[in-house]
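Trainee: Sharing a structure here in structure tokens format.
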Amino acid sequence: QYAHVDDAYRRMALELADRLRADGLNATIDWYEPHPPQGFPVWMSDHLRSADFVLVLCSLENLNRFIKQEPPPKGLGATWEGHLIQQQLYNAGVINSRFIPVILREADKSFIPEPLQGVAHYCLYDALGYETLYRRLTNQPDVSRPPIGGLRILPPLPR
């Protein structure tokens, strides 16, 4: 989910989707299907509902559309997606394991939508940002949990 900020930002979103696909993930973006036969509102709704994860690309423009502060007709797609995301979070009792804030530019770090501020976010302008996000999406933590050992037998205390 992202806002069409400008051509450079849209290309950054496309490059991220392309990279995820090259790395074995079934990422999708509106650039791949510019004319869905069912129309964009249904296409967006279907993808938001069926996706294992939804990356929310944070920017001032996307935040304004997410919180419905952008007057129509500008940004209707991001506004619609933001509404659907908020509704899905509400329906899930505010439990979120699917919607992941992603920051492409350092200047956008403060534009995470409020419902997503309490979950891990990923800064892709950082050298480790993409790898950390990829580990999350592919369930490959950087530290694995060791097995639980046997209980130690302690002698009784003297009386």
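Residues in the structure tokens are named by chain (A, B, ... in the order shown) and by number from 1 within that chain; ligands are numbered from 1 in the order shown.
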Do a neighbour search on range 84-90 of chain A at 8 Å with only C-alpha atoms, toss out local chain neighbours closer than 5 positions, and write the hits as an MDAnalysis selection string.

Mentor: chainID A and resid 45 48 95:96 99 115

Trainee: Using the selection just defined, write its residues with all heavy atoms as a PDB file, in the first residue's frame.

Mentor:
ATOM      1  N   SER A  45      -9.081  -4.509  -2.727  1.00  0.00           N
ATOM      2  CA  SER A  45      -9.726  -5.233  -1.635  1.00  0.00           C
ATOM      3  C   SER A  45      -9.361  -6.711  -1.659  1.00  0.00           C
ATOM      4  O   SER A  45      -9.023  -7.299  -0.629  1.00  0.00           O
ATOM      5  CB  SER A  45     -11.241  -5.038  -1.723  1.00  0.00           C
ATOM      6  OG  SER A  45     -11.884  -5.695  -0.674  1.00  0.00           O
ATOM      7  N   LEU A  48      -5.647  -7.107  -0.587  1.00  0.00           N
ATOM      8  CA  LEU A  48      -5.460  -6.844   0.849  1.00  0.00           C
ATOM      9  C   LEU A  48      -5.986  -7.993   1.693  1.00  0.00           C
ATOM     10  O   LEU A  48      -5.410  -8.347   2.714  1.00  0.00           O
ATOM     11  CB  LEU A  48      -6.145  -5.538   1.259  1.00  0.00           C
ATOM     12  CG  LEU A  48      -5.417  -4.261   0.877  1.00  0.00           C
ATOM     13  CD1 LEU A  48      -6.307  -3.053   1.162  1.00  0.00           C
ATOM     14  CD2 LEU A  48      -4.110  -4.130   1.631  1.00  0.00           C
ATOM     15  N   ILE A  95      -5.215  -6.860  16.563  1.00  0.00           N
ATOM     16  CA  ILE A  95      -4.071  -7.763  16.487  1.00  0.00           C
ATOM     17  C   ILE A  95      -3.524  -7.673  15.071  1.00  0.00           C
ATOM     18  O   ILE A  95      -4.257  -7.867  14.101  1.00  0.00           O
ATOM     19  CB  ILE A  95      -4.479  -9.219  16.816  1.00  0.00           C
ATOM     20  CG1 ILE A  95      -5.105  -9.302  18.205  1.00  0.00           C
ATOM     21  CG2 ILE A  95      -3.296 -10.159  16.668  1.00  0.00           C
ATOM     22  CD1 ILE A  95      -4.198  -8.888  19.334  1.00  0.00           C
ATOM     23  N   ASN A  96      -2.239  -7.373  14.935  1.00  0.00           N
ATOM     24  CA  ASN A  96      -1.661  -7.154  13.618  1.00  0.00           C
ATOM     25  C   ASN A  96      -0.413  -8.001  13.407  1.00  0.00           C
ATOM     26  O   ASN A  96       0.593  -7.798  14.058  1.00  0.00           O
ATOM     27  CB  ASN A  96      -1.289  -5.677  13.444  1.00  0.00           C
ATOM     28  CG  ASN A  96      -0.616  -5.431  12.113  1.00  0.00           C
ATOM     29  OD1 ASN A  96      -0.840  -6.137  11.145  1.00  0.00           O
ATOM     30  ND2 ASN A  96       0.231  -4.424  12.077  1.00  0.00           N
ATOM     31  N   PHE A  99       0.196  -6.292   8.500  1.00  0.00           N
ATOM     32  CA  PHE A  99       0.440  -4.963   7.937  1.00  0.00           C
ATOM     33  C   PHE A  99       1.759  -4.426   8.478  1.00  0.00           C
ATOM     34  O   PHE A  99       1.907  -4.208   9.689  1.00  0.00           O
ATOM     35  CB  PHE A  99      -0.727  -4.029   8.259  1.00  0.00           C
ATOM     36  CG  PHE A  99      -2.027  -4.551   7.697  1.00  0.00           C
ATOM     37  CD1 PHE A  99      -2.963  -5.149   8.520  1.00  0.00           C
ATOM     38  CD2 PHE A  99      -2.291  -4.475   6.341  1.00  0.00           C
ATOM     39  CE1 PHE A  99      -4.150  -5.652   8.013  1.00  0.00           C
ATOM     40  CE2 PHE A  99      -3.479  -4.986   5.821  1.00  0.00           C
ATOM     41  CZ  PHE A  99      -4.404  -5.568   6.654  1.00  0.00           C
ATOM     42  N   PRO A 115      -2.181   3.540  13.734  1.00  0.00           N
ATOM     43  CA  PRO A 115      -2.496   2.141  14.059  1.00  0.00           C
ATOM     44  C   PRO A 115      -1.323   1.182  13.853  1.00  0.00           C
ATOM     45  O   PRO A 115      -1.358   0.054  14.321  1.00  0.00           O
ATOM     46  CB  PRO A 115      -3.639   1.791  13.102  1.00  0.00           C
ATOM     47  CG  PRO A 115      -4.188   3.082  12.640  1.00  0.00           C
ATOM     48  CD  PRO A 115      -3.067   4.068  12.702  1.00  0.00           C
TER      49      PRO A 115
END

Trainee: At a cut-off of 10 Å, using only C-alpha atoms, what residues contact range 142-148 of chain A? Leave out same-chain residues fewer than 4 positions from it and give the result as an NGL selection string.

Mentor: :A and (131-132 or 135-136)

Trainee: Using only C-alpha atoms, which residue out of A:Leu76, A:Ala22, A:Ala27, A:Val56 lies closest to Phe40 in chain A?

Mentor: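 Among the listed residues, A:Leu76 lies closest to Phe40 in chain A.
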
Trainee: To one decimal in Å, tell me the separation between CA of Ser97 in chain A and CA of Phe53 in chain A.

Mentor: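 So the answer is 7.8 Å.
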
Trainee: Using 9 Å as the limit and counting only C-alpha atoms, can you tabulate each residue of range 53-126 of chain A that touches range 4-15 of chain A, with its shortest atom-to-atom distance in Å and the two atoms involved, as a Markdown table?

Mentor:
| residue | atom | partner | partner_atom | distance |
| --- | --- | --- | --- | --- |
| A:Leu57 | CA | A:Ala13 | CA | 7.9 |
| A:Ser59 | CA | A:Val5 | CA | 8.1 |
| A:Leu60 | CA | A:Val5 | CA | 8.8 |
| A:Glu61 | CA | A:Val5 | CA | 6.4 |
| A:Asn62 | CA | A:Val5 | CA | 8.0 |
| A:Gly75 | CA | A:His4 | CA | 7.4 |
| A:Ala78 | CA | A:His4 | CA | 8.1 |
| A:Leu104 | CA | A:Met12 | CA | 7.5 |

Trainee: Neighbouring residues of Leu25 in chain A were defined as those with any atom within 9 Å, considering only C-alpha atoms; residues of the same chain fewer than 5 positions away were excluded. Please report them as a count of residues only.

Mentor: 5

Trainee: Select, from A:Leu16, A:Met44, A:Ala92, A:Ile100, the residue with the minimum atom-to-atom distance to Ile112 in chain A, counting only C-alpha atoms.

Mentor: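 Using only C-alpha atoms, Ile112 in chain A sits closest to A:Ile100.
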
Trainee: Got a sec to tell me which of range 11-117 of chain A DSSP assigns to strand (DSSP E or B), as a PyMOL selection string?

Mentor: chain A and resi 54-57+99-103

Trainee: For Gly129 in chain A, which of A:Arg49, A:Arg105, A:Arg152, A:His35 is the closest residue, counting only C-alpha atoms?

Mentor: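 Looking only at the distances to Gly129 in chain A, the closest residue turns out to be A:Arg105.
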
Trainee: Between A:Gln38, A:Asn91, A:Gln140, A:Gln1, which one has atoms that come closest to Arg65 in chain A, using only C-alpha atoms?

Mentor: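 Looking only at the distances to Arg65 in chain A, the closest residue turns out to be A:Gln1.
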
Trainee: Determine the nearest neighbour of His83 in chain A from the options A:Pro41, A:Tyr134, A:Leu55, A:Leu124, counting only C-alpha atoms.

Mentor: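 Using only C-alpha atoms, His83 in chain A sits closest to A:Pro41.
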